$ cat query.txt   # compact mmCIF, C-alpha atoms
# COMPACT_ATOMS: atom_id res chain seq x y z
CA MET A 1 15.18 13.44 -0.26
CA GLU A 2 13.45 11.85 2.70
CA ILE A 3 10.58 13.62 4.42
CA ASP A 4 8.63 11.99 7.21
CA LYS A 5 6.10 14.43 8.60
CA SER A 6 4.33 12.11 10.99
CA LYS A 7 1.04 13.03 12.57
CA LYS A 8 -0.41 10.35 14.75
CA VAL A 9 -4.02 10.14 15.83
CA ASN A 10 -4.96 8.60 19.20
CA VAL A 11 -1.65 6.78 19.64
CA GLY A 12 -1.50 4.06 22.29
CA SER A 13 1.63 2.95 24.08
CA GLU A 14 4.83 2.23 22.15
CA GLU A 15 4.23 -1.48 22.81
CA GLU A 16 0.72 -1.30 21.33
CA CYS A 17 2.09 0.51 18.28
CA GLU A 18 4.76 -2.15 17.77
CA LEU A 19 2.20 -4.96 17.92
CA THR A 20 -0.37 -3.30 15.66
CA PRO A 21 -0.11 -4.50 12.06
CA CYS A 22 0.44 -1.85 9.40
CA LEU A 23 -1.61 -1.03 6.35
CA PHE A 24 0.61 0.88 3.94
CA VAL A 25 -1.42 2.83 1.40
CA VAL A 26 1.02 3.80 -1.34
CA GLY A 27 -0.39 6.57 -3.49
CA ALA A 28 -2.57 7.75 -0.58
CA THR A 29 -2.09 11.37 -1.62
CA GLY A 30 -3.79 10.70 -4.95
CA ARG A 31 -7.51 10.65 -5.63
CA ILE A 32 -8.01 6.87 -5.69
CA GLY A 33 -5.55 6.12 -2.89
CA GLY A 34 -7.02 8.84 -0.67
CA ALA A 35 -10.59 7.65 -1.17
CA THR A 36 -9.52 4.06 -0.54
CA ALA A 37 -7.69 5.03 2.65
CA GLN A 38 -10.79 6.83 3.96
CA MET A 39 -13.06 3.86 3.25
CA LEU A 40 -10.65 1.39 4.87
CA TRP A 41 -10.07 3.68 7.88
CA LYS A 42 -13.81 3.56 8.60
CA ARG A 43 -14.14 -0.18 8.06
CA LEU A 44 -11.02 -1.40 9.86
CA LYS A 45 -11.74 0.72 12.96
CA GLY A 46 -8.21 0.99 14.30
CA SER A 47 -7.22 -2.65 13.85
CA TYR A 48 -4.34 -1.51 11.60
CA LYS A 49 -1.84 1.31 11.90
CA PHE A 50 -2.29 3.33 8.70
CA VAL A 51 0.84 4.55 6.97
CA LEU A 52 -0.16 6.96 4.20
CA CYS A 53 2.61 6.87 1.61
CA GLY A 54 3.21 9.44 -1.08
CA ARG A 55 5.25 12.39 -2.26
CA ASP A 56 2.84 15.17 -1.28
CA SER A 57 3.07 15.98 2.45
CA LYS A 58 0.44 18.71 2.20
CA ALA A 59 -2.13 16.32 0.66
CA ALA A 60 -1.22 13.67 3.27
CA ASN A 61 -1.79 16.13 6.13
CA LEU A 62 -5.19 17.08 4.66
CA LEU A 63 -6.12 13.40 4.45
CA ILE A 64 -5.02 12.84 8.05
CA GLU A 65 -7.31 15.70 9.10
CA LYS A 66 -10.21 14.03 7.26
CA LEU A 67 -9.48 10.75 9.03
CA LYS A 68 -9.42 12.54 12.41
CA GLU A 69 -12.90 13.90 11.69
CA MET A 70 -14.26 10.35 11.36
CA ASN A 71 -13.72 9.77 15.11
CA VAL A 72 -12.17 6.34 14.66
CA ASN A 73 -9.66 5.37 17.33
CA GLY A 74 -6.51 4.42 15.45
CA ILE A 75 -3.00 5.30 14.44
CA VAL A 76 -2.22 7.15 11.22
CA THR A 77 0.98 8.66 9.92
CA HIS A 78 2.46 9.87 6.64
CA HIS A 79 5.71 8.61 5.18
CA TYR A 80 7.35 10.16 2.12
CA VAL A 81 8.05 7.64 -0.65
CA ASN A 82 9.16 7.96 -4.23
CA LEU A 83 8.73 4.83 -6.37
CA ASP A 84 11.81 5.83 -8.36
CA ASP A 85 14.00 5.88 -5.22
CA GLU A 86 14.60 2.48 -3.63
CA LYS A 87 16.17 4.14 -0.57
CA THR A 88 12.86 5.83 0.36
CA LEU A 89 11.02 2.53 -0.16
CA ARG A 90 13.40 0.56 2.04
CA ASN A 91 13.21 3.29 4.68
CA LEU A 92 9.42 2.91 4.69
CA PHE A 93 9.61 -0.77 5.56
CA GLU A 94 12.51 -0.43 8.01
CA THR A 95 10.71 2.38 9.86
CA HIS A 96 7.19 0.97 10.10
CA VAL A 97 7.02 -2.83 9.76
CA PRO A 98 6.19 -4.38 13.15
CA LYS A 99 8.44 -7.42 13.42
CA GLN A 100 5.90 -9.42 15.44
CA SER A 101 3.05 -9.13 12.95
CA LYS A 102 2.51 -11.23 9.86
CA ARG A 103 -0.68 -9.27 9.07
CA ASN A 104 1.03 -6.25 7.49
CA VAL A 105 -0.40 -5.25 4.11
CA LEU A 106 0.80 -2.89 1.41
CA LEU A 107 -1.97 -1.55 -0.81
CA ASN A 108 -0.46 -0.03 -3.95
CA CYS A 109 -2.70 2.68 -5.42
CA ALA A 110 0.18 4.52 -7.08
CA GLY A 111 -0.62 4.40 -10.77
CA PRO A 112 -0.39 4.60 -13.62
CA TYR A 113 0.96 1.09 -13.96
CA GLN A 114 1.38 1.08 -17.73
CA ASN A 115 5.00 0.62 -18.77
CA SER A 116 6.18 0.58 -15.16
CA GLU A 117 8.13 -1.96 -13.19
CA PRO A 118 6.58 -3.68 -10.16
CA VAL A 119 9.21 -2.21 -7.79
CA LEU A 120 7.15 -2.53 -4.60
CA ILE A 121 6.43 -6.24 -4.89
CA PRO A 122 9.94 -7.62 -4.29
CA LEU A 123 10.50 -5.23 -1.37
CA ALA A 124 7.16 -6.13 0.22
CA ILE A 125 8.02 -9.82 -0.09
CA GLU A 126 11.54 -9.26 1.27
CA TYR A 127 10.14 -7.50 4.36
CA GLY A 128 7.32 -10.03 4.82
CA VAL A 129 4.52 -7.61 3.96
CA ASN A 130 1.48 -8.92 2.06
CA TYR A 131 0.87 -7.02 -1.18
CA VAL A 132 -2.26 -5.87 -3.03
CA ASP A 133 -2.48 -3.50 -5.98
CA ILE A 134 -5.19 -1.96 -8.10
CA CYS A 135 -3.22 -2.38 -11.31
CA ASP A 136 -5.15 -2.42 -14.58
CA ASP A 137 -2.32 -3.35 -16.92
CA THR A 138 -1.89 -6.95 -18.06
CA TYR A 139 1.80 -6.49 -18.97
CA TYR A 140 2.54 -5.27 -15.43
CA ALA A 141 0.53 -8.13 -13.92
CA GLU A 142 2.20 -10.81 -16.06
CA LYS A 143 5.65 -9.43 -15.25
CA ALA A 144 4.86 -9.30 -11.52
CA ILE A 145 3.58 -12.86 -11.46
CA SER A 146 6.36 -14.36 -13.59
CA LYS A 147 9.14 -12.60 -11.68
CA PHE A 148 7.92 -12.79 -8.08
CA ASN A 149 5.48 -15.68 -7.66
CA GLN A 150 8.05 -18.19 -6.42
CA PHE A 151 9.73 -15.60 -4.18
CA ALA A 152 6.36 -14.87 -2.54
CA ILE A 153 5.63 -18.58 -2.07
CA ASP A 154 9.07 -19.18 -0.55
CA LYS A 155 8.61 -16.27 1.90
CA ASN A 156 4.96 -17.15 2.65
CA VAL A 157 3.78 -13.69 1.56
CA LYS A 158 0.46 -13.18 -0.19
CA CYS A 159 0.49 -11.03 -3.34
CA LEU A 160 -2.69 -10.03 -5.14
CA VAL A 161 -2.18 -8.09 -8.35
CA THR A 162 -4.72 -6.41 -10.66
CA CYS A 163 -7.42 -6.09 -8.00
CA GLY A 164 -8.67 -2.77 -9.35
CA PRO A 165 -12.07 -2.64 -11.00
CA PHE A 166 -11.11 0.10 -13.44
CA PRO A 167 -10.54 -0.72 -16.21
CA GLY A 168 -9.01 -4.10 -15.44
CA PHE A 169 -12.20 -5.89 -14.44
CA SER A 170 -14.15 -4.33 -17.28
CA ASN A 171 -11.41 -5.48 -19.68
CA VAL A 172 -11.84 -9.05 -18.42
CA ILE A 173 -15.61 -8.86 -18.93
CA ALA A 174 -15.14 -7.44 -22.44
CA ALA A 175 -12.60 -10.15 -23.34
CA THR A 176 -14.92 -12.86 -22.00
CA LEU A 177 -17.85 -11.51 -23.99
CA LEU A 178 -15.74 -11.33 -27.16
CA ASP A 179 -14.71 -14.96 -26.68
CA GLN A 180 -18.39 -15.94 -26.51
CA ILE A 181 -19.34 -14.17 -29.75

$ encode --input "query.txt" --output "structure tokens"
Amino acid sequence: MEIDKSKKVNVGSEEECELTPCLFVVGATGRIGGATAQMLWKRLKGSYKFVLCGRDSKAANLLIEKLKEMNVNGIVTHHYVNLDDEKTLRNLFETHVPKQSKRNVLLNCAGPYQNSEPVLIPLAIEYGVNYVDICDDTYYAEKAISKFNQFAIDKNVKCLVTCGPFPGFSNVIAATLLDQI
């Protein structure tokens, strides 16, 4: 089921919208994704069109209202996605990726990553969208790198996996300390 309840804030002309790169925040209706979207909305100051991605339209609308209150001139919308439904994921990219921009970024905050497949990475690469996730699972990271590294290189798309500090970074510190003992 596809739901796209778009609410746009301070939208410019259609031409401006088409030229503005997109920041897709997948998992934006969750706690971590929502907090991340708010922080980035403040810092990026309208230089990206924000596409809040998730299954919960009510939570997305509440987040959009919070972003409006920050008085940042920018574009924000919600797009329904379900990570288990490739059709909704493809629709996301086909609906929102500005063809002229190579600065599009997908930030994946939709955990948990444990025992899951990196389904967003190949689609992001296919559509030319740079990819970042906050994964904390080494199995997921190893699978993503081994399966999609060459594809990303061939398509000139940047992919950064396991960028989350919790508990991934702390696991690295613990492993490093154990190696030194």

$ atom_distance --input "query.txt" --atom1 "CA of Tyr140 in chain A" --atom2 "CA of Thr77 in chain A"
29.0 Å

$ atom_distance --input "query.txt" --atom1 "CA of Pro21 in chain A" --atom2 "CA of Val132 in chain A"
15.3 Å

$ closest_residue --input "query.txt" --among "A:Asp154, A:Glu117, A:Glu126, A:Glu142" --to "Asp84 in chain A" --atoms "only C-alpha atoms"
A:Glu117

$ closest_residue --input "query.txt" --among "A:Val72, A:Leu67, A:Ile153, A:Ala59" --to "Leu44 in chain A" --atoms "all atoms listed in the file"
A:Val72

$ closest_residue --input "query.txt" --among "A:Arg31, A:Lys155, A:Lys66, A:His79" --to "Asn91 in chain A" --atoms "all atoms listed in the file"
A:His79

$ closest_residue --input "query.txt" --among "A:Pro118, A:Pro98, A:Gly74, A:Gly111" --to "Ile32 in chain A" --atoms "only C-alpha atoms"
A:Gly111

$ atom_distance --input "query.txt" --atom1 "CA of Leu19 in chain A" --atom2 "CA of Asn71 in chain A"
21.9 Å

$ closest_residue --input "query.txt" --among "A:Gly30, A:Ala60, A:Met70, A:Phe24" --to "Lys42 in chain A" --atoms "all atoms listed in the file"
A:Met70

$ closest_residue --input "query.txt" --among "A:Arg103, A:Thr138, A:Gly33, A:Val76" --to "Ser116 in chain A" --atoms "only C-alpha atoms"
A:Thr138

$ residues_around --input "query.txt" --residues "Leu89 in chain A" --least-positions-apart "6" --cutoff "9 Å" --atoms "all atoms listed in the file" --output "PyMOL selection string"
chain A and resi 80-83+120+123

$ residues_around --input "query.txt" --residues "Ile125 in chain A" --least-positions-apart "5" --cutoff "12 Å" --atoms "all atoms listed in the file" --output "ChimeraX atom specification"
/A:90,93,102,104-106,118-120,130-132,144,147-160

$ residues_around --input "query.txt" --residues "Cys135 in chain A" --least-positions-apart "2" --cutoff "9 Å" --atoms "all atoms listed in the file" --output "MDAnalysis selection string"
chainID A and resid 108:114 133 137:138 140:141 161:168

$ decode --input "query.txt" --residues "range 116-141 of chain A" --atoms "N, CA, C and O atoms" --output "PDB file, in the first residue's frame"
ATOM      1  N   SER A 116      19.272  -8.477   9.074  1.00  0.00           N
ATOM      2  CA  SER A 116      18.505  -7.914   7.963  1.00  0.00           C
ATOM      3  C   SER A 116      19.393  -7.791   6.733  1.00  0.00           C
ATOM      4  O   SER A 116      20.618  -7.816   6.820  1.00  0.00           O
ATOM      5  N   GLU A 117      18.751  -7.667   5.612  1.00  0.00           N
ATOM      6  CA  GLU A 117      19.463  -7.512   4.347  1.00  0.00           C
ATOM      7  C   GLU A 117      19.617  -6.022   4.032  1.00  0.00           C
ATOM      8  O   GLU A 117      18.711  -5.241   4.302  1.00  0.00           O
ATOM      9  N   PRO A 118      20.722  -5.634   3.441  1.00  0.00           N
ATOM     10  CA  PRO A 118      20.916  -4.225   3.072  1.00  0.00           C
ATOM     11  C   PRO A 118      20.150  -3.873   1.790  1.00  0.00           C
ATOM     12  O   PRO A 118      20.734  -3.622   0.741  1.00  0.00           O
ATOM     13  N   VAL A 119      18.826  -3.851   1.858  1.00  0.00           N
ATOM     14  CA  VAL A 119      17.981  -3.673   0.677  1.00  0.00           C
ATOM     15  C   VAL A 119      18.044  -2.270   0.078  1.00  0.00           C
ATOM     16  O   VAL A 119      17.820  -2.103  -1.125  1.00  0.00           O
ATOM     17  N   LEU A 120      18.347  -1.270   0.871  1.00  0.00           N
ATOM     18  CA  LEU A 120      18.385   0.103   0.352  1.00  0.00           C
ATOM     19  C   LEU A 120      19.647   0.406  -0.446  1.00  0.00           C
ATOM     20  O   LEU A 120      19.623   1.229  -1.359  1.00  0.00           O
ATOM     21  N   ILE A 121      20.735  -0.244  -0.111  1.00  0.00           N
ATOM     22  CA  ILE A 121      22.015   0.076  -0.751  1.00  0.00           C
ATOM     23  C   ILE A 121      21.990  -0.139  -2.267  1.00  0.00           C
ATOM     24  O   ILE A 121      22.340   0.775  -3.017  1.00  0.00           O
ATOM     25  N   PRO A 122      21.576  -1.308  -2.760  1.00  0.00           N
ATOM     26  CA  PRO A 122      21.615  -1.474  -4.222  1.00  0.00           C
ATOM     27  C   PRO A 122      20.674  -0.526  -4.954  1.00  0.00           C
ATOM     28  O   PRO A 122      20.985  -0.061  -6.057  1.00  0.00           O
ATOM     29  N   LEU A 123      19.536  -0.197  -4.338  1.00  0.00           N
ATOM     30  CA  LEU A 123      18.611   0.743  -4.984  1.00  0.00           C
ATOM     31  C   LEU A 123      19.185   2.155  -4.996  1.00  0.00           C
ATOM     32  O   LEU A 123      19.075   2.870  -5.999  1.00  0.00           O
ATOM     33  N   ALA A 124      19.792   2.564  -3.891  1.00  0.00           N
ATOM     34  CA  ALA A 124      20.425   3.887  -3.852  1.00  0.00           C
ATOM     35  C   ALA A 124      21.497   3.980  -4.929  1.00  0.00           C
ATOM     36  O   ALA A 124      21.559   4.977  -5.669  1.00  0.00           O
ATOM     37  N   ILE A 125      22.316   2.961  -5.049  1.00  0.00           N
ATOM     38  CA  ILE A 125      23.374   2.957  -6.066  1.00  0.00           C
ATOM     39  C   ILE A 125      22.755   3.010  -7.463  1.00  0.00           C
ATOM     40  O   ILE A 125      23.181   3.799  -8.315  1.00  0.00           O
ATOM     41  N   GLU A 126      21.757   2.180  -7.702  1.00  0.00           N
ATOM     42  CA  GLU A 126      21.090   2.134  -9.011  1.00  0.00           C
ATOM     43  C   GLU A 126      20.565   3.511  -9.425  1.00  0.00           C
ATOM     44  O   GLU A 126      20.671   3.899 -10.585  1.00  0.00           O
ATOM     45  N   TYR A 127      20.005   4.247  -8.470  1.00  0.00           N
ATOM     46  CA  TYR A 127      19.428   5.564  -8.762  1.00  0.00           C
ATOM     47  C   TYR A 127      20.426   6.712  -8.583  1.00  0.00           C
ATOM     48  O   TYR A 127      20.063   7.874  -8.690  1.00  0.00           O
ATOM     49  N   GLY A 128      21.690   6.376  -8.300  1.00  0.00           N
ATOM     50  CA  GLY A 128      22.729   7.396  -8.193  1.00  0.00           C
ATOM     51  C   GLY A 128      22.659   8.241  -6.936  1.00  0.00           C
ATOM     52  O   GLY A 128      23.088   9.388  -6.933  1.00  0.00           O
ATOM     53  N   VAL A 129      22.134   7.666  -5.862  1.00  0.00           N
ATOM     54  CA  VAL A 129      21.973   8.383  -4.597  1.00  0.00           C
ATOM     55  C   VAL A 129      23.038   7.902  -3.616  1.00  0.00           C
ATOM     56  O   VAL A 129      23.134   6.702  -3.345  1.00  0.00           O
ATOM     57  N   ASN A 130      23.824   8.811  -3.082  1.00  0.00           N
ATOM     58  CA  ASN A 130      24.840   8.458  -2.087  1.00  0.00           C
ATOM     59  C   ASN A 130      24.147   7.898  -0.848  1.00  0.00           C
ATOM     60  O   ASN A 130      23.043   8.311  -0.507  1.00  0.00           O
ATOM     61  N   TYR A 131      24.808   6.981  -0.157  1.00  0.00           N
ATOM     62  CA  TYR A 131      24.177   6.224   0.929  1.00  0.00           C
ATOM     63  C   TYR A 131      24.996   6.305   2.209  1.00  0.00           C
ATOM     64  O   TYR A 131      26.222   6.150   2.178  1.00  0.00           O
ATOM     65  N   VAL A 132      24.294   6.531   3.333  1.00  0.00           N
ATOM     66  CA  VAL A 132      24.912   6.511   4.660  1.00  0.00           C
ATOM     67  C   VAL A 132      23.957   5.771   5.579  1.00  0.00           C
ATOM     68  O   VAL A 132      22.736   5.965   5.498  1.00  0.00           O
ATOM     69  N   ASP A 133      24.480   4.917   6.450  1.00  0.00           N
ATOM     70  CA  ASP A 133      23.603   4.319   7.457  1.00  0.00           C
ATOM     71  C   ASP A 133      24.244   4.386   8.840  1.00  0.00           C
ATOM     72  O   ASP A 133      25.432   4.649   8.976  1.00  0.00           O
ATOM     73  N   ILE A 134      23.415   4.158   9.834  1.00  0.00           N
ATOM     74  CA  ILE A 134      23.877   4.173  11.223  1.00  0.00           C
ATOM     75  C   ILE A 134      23.907   2.753  11.785  1.00  0.00           C
ATOM     76  O   ILE A 134      23.772   2.548  12.981  1.00  0.00           O
ATOM     77  N   CYS A 135      24.126   1.807  10.903  1.00  0.00           N
ATOM     78  CA  CYS A 135      24.161   0.395  11.270  1.00  0.00           C
ATOM     79  C   CYS A 135      25.168   0.136  12.390  1.00  0.00           C
ATOM     80  O   CYS A 135      26.211   0.779  12.471  1.00  0.00           O
ATOM     81  N   ASP A 136      24.846  -0.844  13.228  1.00  0.00           N
ATOM     82  CA  ASP A 136      25.757  -1.218  14.308  1.00  0.00           C
ATOM     83  C   ASP A 136      26.079  -2.706  14.278  1.00  0.00           C
ATOM     84  O   ASP A 136      26.573  -3.251  15.242  1.00  0.00           O
ATOM     85  N   ASP A 137      25.772  -3.352  13.146  1.00  0.00           N
ATOM     86  CA  ASP A 137      25.928  -4.797  13.051  1.00  0.00           C
ATOM     87  C   ASP A 137      27.029  -5.145  12.044  1.00  0.00           C
ATOM     88  O   ASP A 137      26.934  -4.783  10.870  1.00  0.00           O
ATOM     89  N   THR A 138      28.046  -5.856  12.507  1.00  0.00           N
ATOM     90  CA  THR A 138      29.170  -6.162  11.619  1.00  0.00           C
ATOM     91  C   THR A 138      28.781  -7.108  10.485  1.00  0.00           C
ATOM     92  O   THR A 138      29.289  -6.973   9.378  1.00  0.00           O
ATOM     93  N   TYR A 139      27.877  -8.050  10.739  1.00  0.00           N
ATOM     94  CA  TYR A 139      27.426  -8.964   9.679  1.00  0.00           C
ATOM     95  C   TYR A 139      26.780  -8.161   8.543  1.00  0.00           C
ATOM     96  O   TYR A 139      27.083  -8.369   7.368  1.00  0.00           O
ATOM     97  N   TYR A 140      25.900  -7.245   8.891  1.00  0.00           N
ATOM     98  CA  TYR A 140      25.229  -6.391   7.905  1.00  0.00           C
ATOM     99  C   TYR A 140      26.267  -5.587   7.117  1.00  0.00           C
ATOM    100  O   TYR A 140      26.215  -5.512   5.888  1.00  0.00           O
ATOM    101  N   ALA A 141      27.207  -4.991   7.831  1.00  0.00           N
ATOM    102  CA  ALA A 141      28.233  -4.163   7.195  1.00  0.00           C
ATOM    103  C   ALA A 141      29.095  -4.985   6.244  1.00  0.00           C
ATOM    104  O   ALA A 141      29.357  -4.567   5.110  1.00  0.00           O
TER     105      ALA A 141
END
